[in-house]
Amino acid sequence: MNVSRRQFLARSTPAIAVAGFLPANAQADPRKGPESVDPAYRIRNQGVRHSLMGWCWKPMDPVELARHAREMGLTGIEGIDRKFYPAVRALGLEISLVTAHGFAQGPCNPQFRAEVVAKLDDAIDVAAEVGCKKVITFTGMKFDGMDPEQAAKDCVDAWKSVLSHAERRGITLVLEHLNSRDASHPMKGHPGYFGDDVDFCADLVRRVGSPNFKLLFDIYHVSVMNGDVIRRFRAYRDLIGHVHTAGNPGRCELDDQQEINYPAVMRAVVDAGYHDFVAHEFLPTWADPILALRHAAMVCDV
């Protein structure tokens with residue numbers, strides 16, 4: 001029997017409605033803007049541990065920011081000056097990630113190897129002292145005359161040189177992939193970054209070959225540079241040690257003005273067995289930046 005598309009839709013619509021598959025605009029969308037956020041919303045679920053990247057909320061005082069974070073149910077904070085660690089820990093927040101060296105001067109460049117190794121060793125000790133389990137690392141930027149394979153080897157050798165120290169202190173290094181496509185803002189993208197392909201960074205993690213060396217899966221950077229976020233998260237789940245969020249494009253709120261379907265992504269993250277820290281690392285544009293953080297917690301509350 002031949003049925004036209006119009007006839008099929010007319011016959012199917014009542015059944016679809018009964019089954020609960022309503023058009024998207026007929027359902028509440030957790031990604032909507034400020035008007036959709038309960039100003040008293042507090043994280044309800046235990047699927048992941050929420051953290052935030054403090055530098056995104058500058059110039060707000062980190063201790064004040066930590067108070068807001070704690071009130072809405074976040075359990076960690078990162079990306080703040082170490083001098084604030086005692087105060088935010090006294091509020092009950094964990095330090096979810098310790099920074100060692102910057103993303104520009106990394107071990108892919110022999111010029112910076114000694115400095116990177118020294119800073120990683122120091123950060124490992126700091127992390128252990130404050131009860132943090134992770135230290136972030138980067139490949140660094142490409143440089144004139146660089147041989148990509150030699151640069152990859154130099155990265156792996158540098159990381160391996162500090163792993164025995166990390167293992168002794170119970171610390172995991174996490175390598176962050178960064179996009180090199182967005183040149184509109186110094187923190188929205190990093191043109192020239194060597195580790196700008198998440199598949200390549202996953203390979204570097206495999207080359208290091210230690211349970212104390214993992215991939216930092218930044219959903220925003222993966223979306224910008226590679227796409228296929230959920231499939232890639234599933235593929236690299238065993239290599240992933242930390243997660244960051246932000247909306248794409250713009251590295252802004254996780255709302256309906258950007259393309260990443262965070263509720264679906266976060267369900268996939270939990271379904272893949274990841275229950276550790278997810279740090280919100282976006283640049284707030286809403287008039288109330290704390291409401292923007294509360295919104296991110298709500299959208300990712302799985």
# chains A, B, ... in the order shown; residues from 1 in each chain; ligands from 1
call {"tool": "closest_atom_pairs", "arguments": {"of": "region 92-118 of chain A", "to": "region 46-59 of chain A", "cutoff": "9 Å", "atoms": "only C-alpha atoms", "output": "JSON lines"}}
result
{"residue": "A:Leu93", "atom": "CA", "partner": "A:Ser51", "partner_atom": "CA", "distance": 8.9}
{"residue": "A:Glu94", "atom": "CA", "partner": "A:Ser51", "partner_atom": "CA", "distance": 8.7}
{"residue": "A:Ile95", "atom": "CA", "partner": "A:Ser51", "partner_atom": "CA", "distance": 8.7}
{"residue": "A:Ser96", "atom": "CA", "partner": "A:Ser51", "partner_atom": "CA", "distance": 6.9}
call {"tool": "residues_around", "arguments": {"residues": "region 294-299 of chain A", "least_positions_apart": "6", "cutoff": "8 Å", "atoms": "only C-alpha atoms", "output": "list of chain:residue names"}}
result
A:Pro30, A:Arg31, A:Pro34, A:Val37, A:Pro39, A:Tyr41, A:Arg42, A:Ile43, A:His50, A:Met72, A:Leu74, A:Glu253, A:Leu254, A:Tyr262, A:Pro263, A:His280
call {"tool": "residues_around", "arguments": {"residues": "Val265 (chain A)", "least_positions_apart": "5", "cutoff": "10 Å", "atoms": "only C-alpha atoms", "output": "PyMOL selection string"}}
result
chain A and resi 219+229-231+233+260+270-271+300
call {"tool": "write_last_selection", "arguments": {"atoms": "C-alpha atoms", "output": "PDB file, in the first residue's frame"}}
result
ATOM      1  CA  ILE A 219      34.110  18.578  25.755  1.00  0.00           C
ATOM      2  CA  VAL A 229      31.858  13.926  21.278  1.00  0.00           C
ATOM      3  CA  ILE A 230      29.857  11.011  22.680  1.00  0.00           C
ATOM      4  CA  ARG A 231      31.438   8.397  20.421  1.00  0.00           C
ATOM      5  CA  PHE A 233      34.215   9.723  24.972  1.00  0.00           C
ATOM      6  CA  ILE A 260      26.436  20.776  22.347  1.00  0.00           C
ATOM      7  CA  VAL A 270      27.821   8.483  33.323  1.00  0.00           C
ATOM      8  CA  ASP A 271      26.645   5.516  31.268  1.00  0.00           C
ATOM      9  CA  CYS A 300      24.869  18.508  33.959  1.00  0.00           C
TER      10      CYS A 300
END
call {"tool": "atom_distance", "arguments": {"atom1": "CA of Ala287 (chain A)", "atom2": "CA of Glu35 (chain A)"}}
result
11.9 Å
call {"tool": "select_by_dssp", "arguments": {"residues": "region 174-255 of chain A", "states": "strand (DSSP E)", "output": "VMD selection string"}}
result
chain A and resid 174 to 176 213 to 218 240 to 245
call {"tool": "write_last_selection", "arguments": {"atoms": "C-alpha atoms", "output": "short mmCIF file (atom, residue, chain, number, x, y, z; two decimals), in the first residue's frame"}}
result
data_model
loop_
_atom_site.label_atom_id
_atom_site.label_comp_id
_atom_site.auth_asym_id
_atom_site.auth_seq_id
_atom_site.Cartn_x
_atom_site.Cartn_y
_atom_site.Cartn_z
CA VAL A 174 46.07 14.45 32.98
CA LEU A 175 46.95 15.68 29.49
CA GLU A 176 44.62 18.31 28.06
CA PHE A 213 48.76 9.24 33.15
CA LYS A 214 45.35 10.01 31.65
CA LEU A 215 43.53 12.19 29.13
CA LEU A 216 41.71 15.36 30.15
CA PHE A 217 38.62 15.23 27.94
CA ASP A 218 37.53 18.84 27.39
CA ILE A 240 40.01 9.58 30.57
CA GLY A 241 40.90 11.00 33.97
CA HIS A 242 39.16 14.39 34.04
CA VAL A 243 36.44 16.31 32.16
CA HIS A 244 35.82 19.99 31.35
CA THR A 245 32.70 21.68 29.97
#
call {"tool": "atom_distance", "arguments": {"atom1": "CA of Arg168 (chain A)", "atom2": "CA of Lys153 (chain A)"}}
result
23.8 Å
call {"tool": "closest_residue", "arguments": {"among": "A:Ala40, A:Ala158, A:Leu283, A:Leu293", "to": "His185 (chain A)", "atoms": "only C-alpha atoms"}}
result
A:Leu283
call {"tool": "residues_around", "arguments": {"residues": "His190 (chain A)", "least_positions_apart": "2", "cutoff": "8 Å", "atoms": "only C-alpha atoms", "output": "list in words"}}
result
Leu178, Asn179, Ser180, Arg181, Asp182, Ala183, Pro186, Met187, Lys188, Gly192 and Tyr193 of chain A
call {"tool": "write_last_selection", "arguments": {"atoms": "C-alpha atoms", "output": "mmCIF file, in the first residue's frame"}}
result
data_model
loop_
_atom_site.group_PDB
_atom_site.id
_atom_site.type_symbol
_atom_site.label_atom_id
_atom_site.label_comp_id
_atom_site.auth_asym_id
_atom_site.auth_seq_id
_atom_site.Cartn_x
_atom_site.Cartn_y
_atom_site.Cartn_z
ATOM 1 C CA LEU A 178 43.148 22.084 23.199
ATOM 2 C CA ASN A 179 41.616 23.357 19.978
ATOM 3 C CA SER A 180 43.739 25.373 17.551
ATOM 4 C CA ARG A 181 40.856 26.571 15.353
ATOM 5 C CA ASP A 182 39.409 29.485 17.326
ATOM 6 C CA ALA A 183 41.634 32.555 17.137
ATOM 7 C CA PRO A 186 43.226 34.017 23.820
ATOM 8 C CA MET A 187 41.313 31.440 25.881
ATOM 9 C CA LYS A 188 38.735 30.243 23.342
ATOM 10 C CA GLY A 192 49.739 26.473 17.147
ATOM 11 C CA TYR A 193 49.100 24.087 20.050
#
call {"tool": "residues_around", "arguments": {"residues": "Gly247 (chain A)", "least_positions_apart": "2", "cutoff": "7 Å", "atoms": "only C-alpha atoms", "output": "list in words"}}
result
Tyr220, Pro249, Gly250, Arg251, Cys252, Glu253, Leu254, Gln258, Ile260 and Phe282 of chain A
call {"tool": "atom_distance", "arguments": {"atom1": "CA of Ala100 (chain A)", "atom2": "CA of Thr137 (chain A)"}}
result
6.7 Å
call {"tool": "closest_residue", "arguments": {"among": "A:Gly195, A:Gly131, A:Pro289, A:Gly170", "to": "Cys108 (chain A)", "atoms": "only C-alpha atoms"}}
result
A:Gly195
call {"tool": "residues_around", "arguments": {"residues": "Asp256 (chain A)", "least_positions_apart": "3", "cutoff": "8 Å", "atoms": "only C-alpha atoms", "output": "list in words"}}
result
Arg31, Lys32, Gly33 and Glu259 of chain A
call {"tool": "write_last_selection", "arguments": {"atoms": "C-alpha atoms", "output": "PDB file, in the first residue's frame"}}
result
ATOM      1  CA  ARG A  31      19.544  24.410  28.193  1.00  0.00           C
ATOM      2  CA  LYS A  32      17.449  27.578  28.072  1.00  0.00           C
ATOM      3  CA  GLY A  33      18.708  30.875  29.454  1.00  0.00           C
ATOM      4  CA  GLU A 259      25.375  23.362  19.755  1.00  0.00           C
TER       5      GLU A 259
END
